[in-house]
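A.B. asks: Input structure: start-v2.txt, which contains compact mmCIF, C-alpha atoms.
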```txt
# COMPACT_ATOMS: atom_id res chain seq x y z
CA MET R 1 33.44 10.75 6.65
CA PRO R 2 31.29 9.50 3.76
CA ASN R 3 27.69 10.60 3.36
CA ARG R 4 25.10 7.83 3.77
CA SER R 5 23.28 8.74 0.54
CA THR R 6 26.25 9.26 -1.76
CA GLY R 7 28.86 7.02 -0.15
CA HIS R 8 31.49 9.74 -0.62
CA CYS R 9 32.92 12.61 1.41
CA PRO R 10 31.11 15.88 0.46
CA PHE R 11 34.46 17.60 -0.18
CA SER R 12 35.48 14.95 -2.68
CA ILE R 13 32.17 15.35 -4.55
CA VAL R 14 32.41 19.13 -4.82
CA TYR R 15 36.13 19.35 -5.55
CA THR R 16 36.36 15.91 -7.26
CA LYS R 17 39.20 14.80 -4.98
CA MET R 18 40.30 14.75 -1.38
CA PRO R 19 42.15 17.81 0.01
CA ASN R 20 45.75 18.25 -1.07
CA HIS R 21 48.62 17.48 1.28
CA LEU R 22 51.82 19.48 1.49
CA LEU R 23 53.60 17.22 -0.99
CA ASP R 24 50.74 17.60 -3.47
CA LEU R 25 51.30 21.35 -3.58
CA ALA R 26 54.86 21.07 -4.93
CA VAL R 27 55.44 22.80 -8.27
CA LEU R 28 55.84 20.31 -11.10
CA PRO R 29 57.06 20.99 -14.63
CA LYS R 30 54.37 21.80 -17.21
CA CYS R 31 53.95 18.84 -19.53
CA HIS R 32 51.10 16.94 -21.07
CA SER R 33 50.65 13.53 -19.55
CA SER R 34 48.24 10.69 -19.51
CA SER R 35 47.75 11.16 -15.76
CA ALA R 36 45.70 14.32 -16.43
CA THR R 37 43.32 12.48 -18.71
CA LYS R 38 43.21 9.63 -16.22
CA GLU R 39 42.27 12.03 -13.41
CA ALA R 40 39.60 13.68 -15.58
CA SER R 41 38.06 10.31 -16.38
CA GLN R 42 38.14 9.42 -12.68
CA CYS R 43 36.21 12.64 -11.94
CA VAL R 44 33.57 11.75 -14.52
CA GLU R 45 33.27 8.23 -13.09
CA LEU R 46 32.98 9.64 -9.55
CA LEU R 47 30.14 11.95 -10.57
CA LYS R 48 28.32 9.12 -12.37
CA ASP R 49 28.71 6.93 -9.28
CA VAL R 50 27.39 9.68 -6.99
CA LYS R 51 24.40 10.30 -9.27
CA ALA R 52 23.55 6.59 -9.35
CA LYS R 53 23.82 6.27 -5.57
CA LEU R 54 21.66 9.36 -5.03
CA GLU R 55 18.97 7.97 -7.33
CA THR R 56 18.87 4.67 -5.43
CA SER R 57 18.82 6.55 -2.10
CA TYR R 58 15.92 8.72 -3.31
CA ASP R 59 14.02 5.63 -4.39
CA ILE R 60 14.48 4.10 -0.93
CA TYR R 61 13.37 7.35 0.76
CA LYS R 62 10.32 7.47 -1.52
CA GLN R 63 9.36 3.88 -0.65
CA HIS R 64 9.48 4.71 3.07
CA ALA R 65 7.46 7.90 2.58
CA ASP R 66 4.85 6.15 0.41
CA LYS R 67 4.14 3.63 3.18
CA HIS R 68 2.41 6.39 5.16
CA ARG R 69 0.87 8.31 2.27
CA ARG R 70 -2.89 8.13 1.95
CA LEU R 71 -4.29 8.19 -1.55
CA GLN R 72 -7.77 9.61 -1.66
CA VAL R 73 -9.71 10.52 -4.76
CA PHE R 74 -13.02 12.34 -4.35
CA GLN R 75 -15.79 12.78 -6.90
CA PRO R 76 -17.97 15.88 -7.44
CA GLY R 77 -20.90 15.77 -5.03
CA ASP R 78 -19.02 13.89 -2.25
CA LEU R 79 -19.38 15.38 1.21
CA VAL R 80 -16.07 16.17 2.89
CA MET R 81 -14.84 17.73 6.11
CA LEU R 82 -12.32 20.55 5.71
CA ARG R 83 -9.33 21.50 7.80
CA PHE R 84 -8.78 25.25 7.81
CA ARG R 85 -5.19 26.09 8.65
CA LYS R 86 -4.43 29.37 10.36
CA ASP R 87 -2.88 30.85 7.21
CA ARG R 88 -6.33 30.90 5.56
CA PHE R 89 -7.60 33.42 8.11
CA PRO R 90 -6.63 37.06 8.68
CA SER R 91 -3.90 37.56 11.26
CA GLY R 92 -5.21 37.31 14.81
CA SER R 93 -8.63 35.92 13.89
CA HIS R 94 -7.75 32.22 14.24
CA SER R 95 -7.62 30.56 17.62
CA LYS R 96 -6.13 27.19 18.45
CA LEU R 97 -9.41 26.44 20.21
CA ASN R 98 -11.32 26.50 16.93
CA PRO R 99 -12.48 23.09 15.68
CA ARG R 100 -9.89 21.28 13.60
CA LYS R 101 -12.36 20.06 10.98
CA ILE R 102 -15.35 22.06 9.83
CA ARG R 103 -18.79 20.74 8.83
CA PRO R 104 -19.33 18.75 5.64
CA PHE R 105 -19.19 20.56 2.32
CA PRO R 106 -19.89 19.15 -1.16
CA ILE R 107 -17.11 18.98 -3.71
CA LEU R 108 -17.90 21.02 -6.83
CA ARG R 109 -15.12 19.82 -9.12
CA ARG R 110 -11.82 18.01 -9.19
CA ILE R 111 -8.87 19.86 -10.69
CA ASN R 112 -6.49 16.89 -10.27
CA ASP R 113 -5.88 14.17 -7.67
CA ASN R 114 -4.39 16.72 -5.23
CA VAL R 115 -6.62 19.79 -5.71
CA TYR R 116 -10.39 20.12 -5.33
CA VAL R 117 -12.87 22.99 -5.45
CA VAL R 118 -15.36 22.89 -2.59
CA ASP R 119 -18.71 24.69 -2.30
CA LEU R 120 -18.02 27.19 0.50
CA PRO R 121 -20.48 29.85 1.70
CA LEU R 122 -19.50 33.44 0.89
CA ASP R 123 -19.15 34.35 4.58
CA PHE R 124 -15.96 32.24 4.84
CA LYS R 125 -14.08 34.81 2.70
CA THR R 126 -11.38 32.38 1.65
CA SER R 127 -10.48 30.45 -1.46
CA SER R 128 -12.64 27.44 -2.19
CA THR R 129 -9.68 25.48 -3.61
CA PHE R 130 -8.19 22.90 -1.23
CA ASN R 131 -5.30 20.49 -1.26
CA VAL R 132 -6.17 16.85 -0.57
CA THR R 133 -4.19 16.97 2.71
CA ASP R 134 -6.85 19.36 4.08
CA ILE R 135 -9.83 17.27 2.92
CA PHE R 136 -11.26 14.35 4.88
CA PRO R 137 -14.16 12.09 3.91
CA TYR R 138 -17.37 12.78 5.78
CA HIS R 139 -18.97 9.84 7.58
CA PRO R 140 -22.46 10.62 8.90
CA PRO R 141 -23.08 9.58 12.50
CA ASP R 142 -24.67 6.19 13.05
CA ASP R 143 -28.26 6.01 14.29
CA THR R 144 -27.49 2.94 16.38
CA VAL R 145 -26.28 4.65 19.53
CA VAL R 146 -25.99 2.31 22.49
CA ALA R 147 -27.60 3.72 25.60
CA SER R 148 -25.06 3.80 28.42
CA SER R 149 -27.78 3.45 31.08
CA SER R 150 -28.87 0.06 29.72
CA LEU R 151 -25.26 -1.18 29.89
CA GLU R 152 -24.91 -0.05 33.49
CA ALA R 153 -28.20 -1.67 34.50
CA SER R 154 -27.30 -5.03 32.97
CA SER R 155 -23.92 -5.19 34.67
CA PHE R 156 -25.28 -4.38 38.13
CA GLU R 157 -27.52 -6.97 39.68
CA ALA R 158 -30.11 -6.01 42.25
CA GLY R 159 -29.20 -6.77 45.85
CA GLU R 160 -25.41 -6.53 45.44
CA THR R 161 -23.39 -3.74 46.94
```
Would you mind giving the structure from this file in structure tokens?
C.D. replies:
Amino acid sequence: MPNRSTGHCPFSIVYTKMPNHLLDLAVLPKCHSSSATKEASQCVELLKDVKAKLETSYDIYKQHADKHRRLQVFQPGDLVMLRFRKDRFPSGSHSKLNPRKIRPFPILRRINDNVYVVDLPLDFKTSSTFNVTDIFPYHPPDDTVVASSSLEASSFEAGET
């Protein structure tokens, strides 16, 4: 059965041909022929074809993955929320009930688009270098909070039950 990425059977890619049958195993006289060079050129063509198909398959996979990728670039001084994964803590000290994102911290410097150094207090006892997947932009809460009691009072008219 051919692979969906390569279009060929994995056995034929590794061994450059399909498995031999009983008739293929018959002993033939040793002589130089053009069929050997033809088979060698077929192997080279097969490998070139597989490489080309893999490259196109990888490009398609990358396009699908990039649809969901979020590109975020932060500048020094930006406030960000941090996600601390359990591997940043000593064994047994992290609970799944801990908050997923921790208070806003300022970014000290940008190493590249994927790695940032954040200003952490010394009591955290962990590296201050974070991957962009663990950094989220901080949005301060809005001051325009709608009072729920005023909404309830307006929807209920006096005298109705």
A.B. asks: Skipping near chain neighbours, those fewer than 6 positions away, what residues fall within 12 Å of R:Leu120 using only C-alpha atoms, listed as a list in words?
C.D. replies: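 Everything that qualifies: Leu79, Val80, Met81, Leu82, Phe84, Ile102, Arg103, Pro104, Phe105, Pro106, Ile107, Leu108, Thr126, Ser127, Ser128, Thr129 and Phe130 of chain R.
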A.B. asks: Using all atoms listed in the file, which protein or nucleic acid residues come within 8 Å of R:Asn131? Drop anything in the same chain fewer than 6 positions from it, and give the result as a PyMOL selection string.
C.D. replies: chain R and resi 114-116
A.B. asks: Report, in Å with one decimal, the straight-line distance from atom CA of R:Asp123 to atom CA of R:Asn98.
C.D. replies: 16.6 Å
A.B. asks: Taking all atoms listed in the file into account, which of R:Ser5, R:Phe74, R:Met18, R:Glu45 comes nearest R:Ser57?
C.D. replies: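 Smallest distance to R:Ser57 is found for R:Ser5.
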A.B. asks: I need the residue nearest R:Lys51 from this list: R:His68, R:Lys38, R:His8, R:Lys17. Use only C-alpha atoms for the distance.
C.D. replies: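 Answer, going by the shortest atom-to-atom distance: R:His8.
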A.B. asks: With distances taken over only C-alpha atoms, which of R:Ile111, R:Ile135, R:Val44, R:Val50 is nearest to R:Pro10?
C.D. replies: R:Val50
A.B. asks: Between R:Cys9, R:Val14, R:Val118, R:Val132, which is the closest to R:Leu71 once you count all atoms listed in the file?
C.D. replies: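 So, comparing all the options, the nearest one is R:Val132.
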A.B. asks: Could you tell me how far atom CA of R:Leu47 lies from atom CA of R:Ile13, in Å and to one decimal?
C.D. replies: 7.2 Å
A.B. asks: Rounded to one decimal, what separation in Å do you get between atom CA of R:Asp78 and atom CA of R:Arg109?
C.D. replies: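 Rounded to one decimal, the two atoms are 9.9 Å apart.
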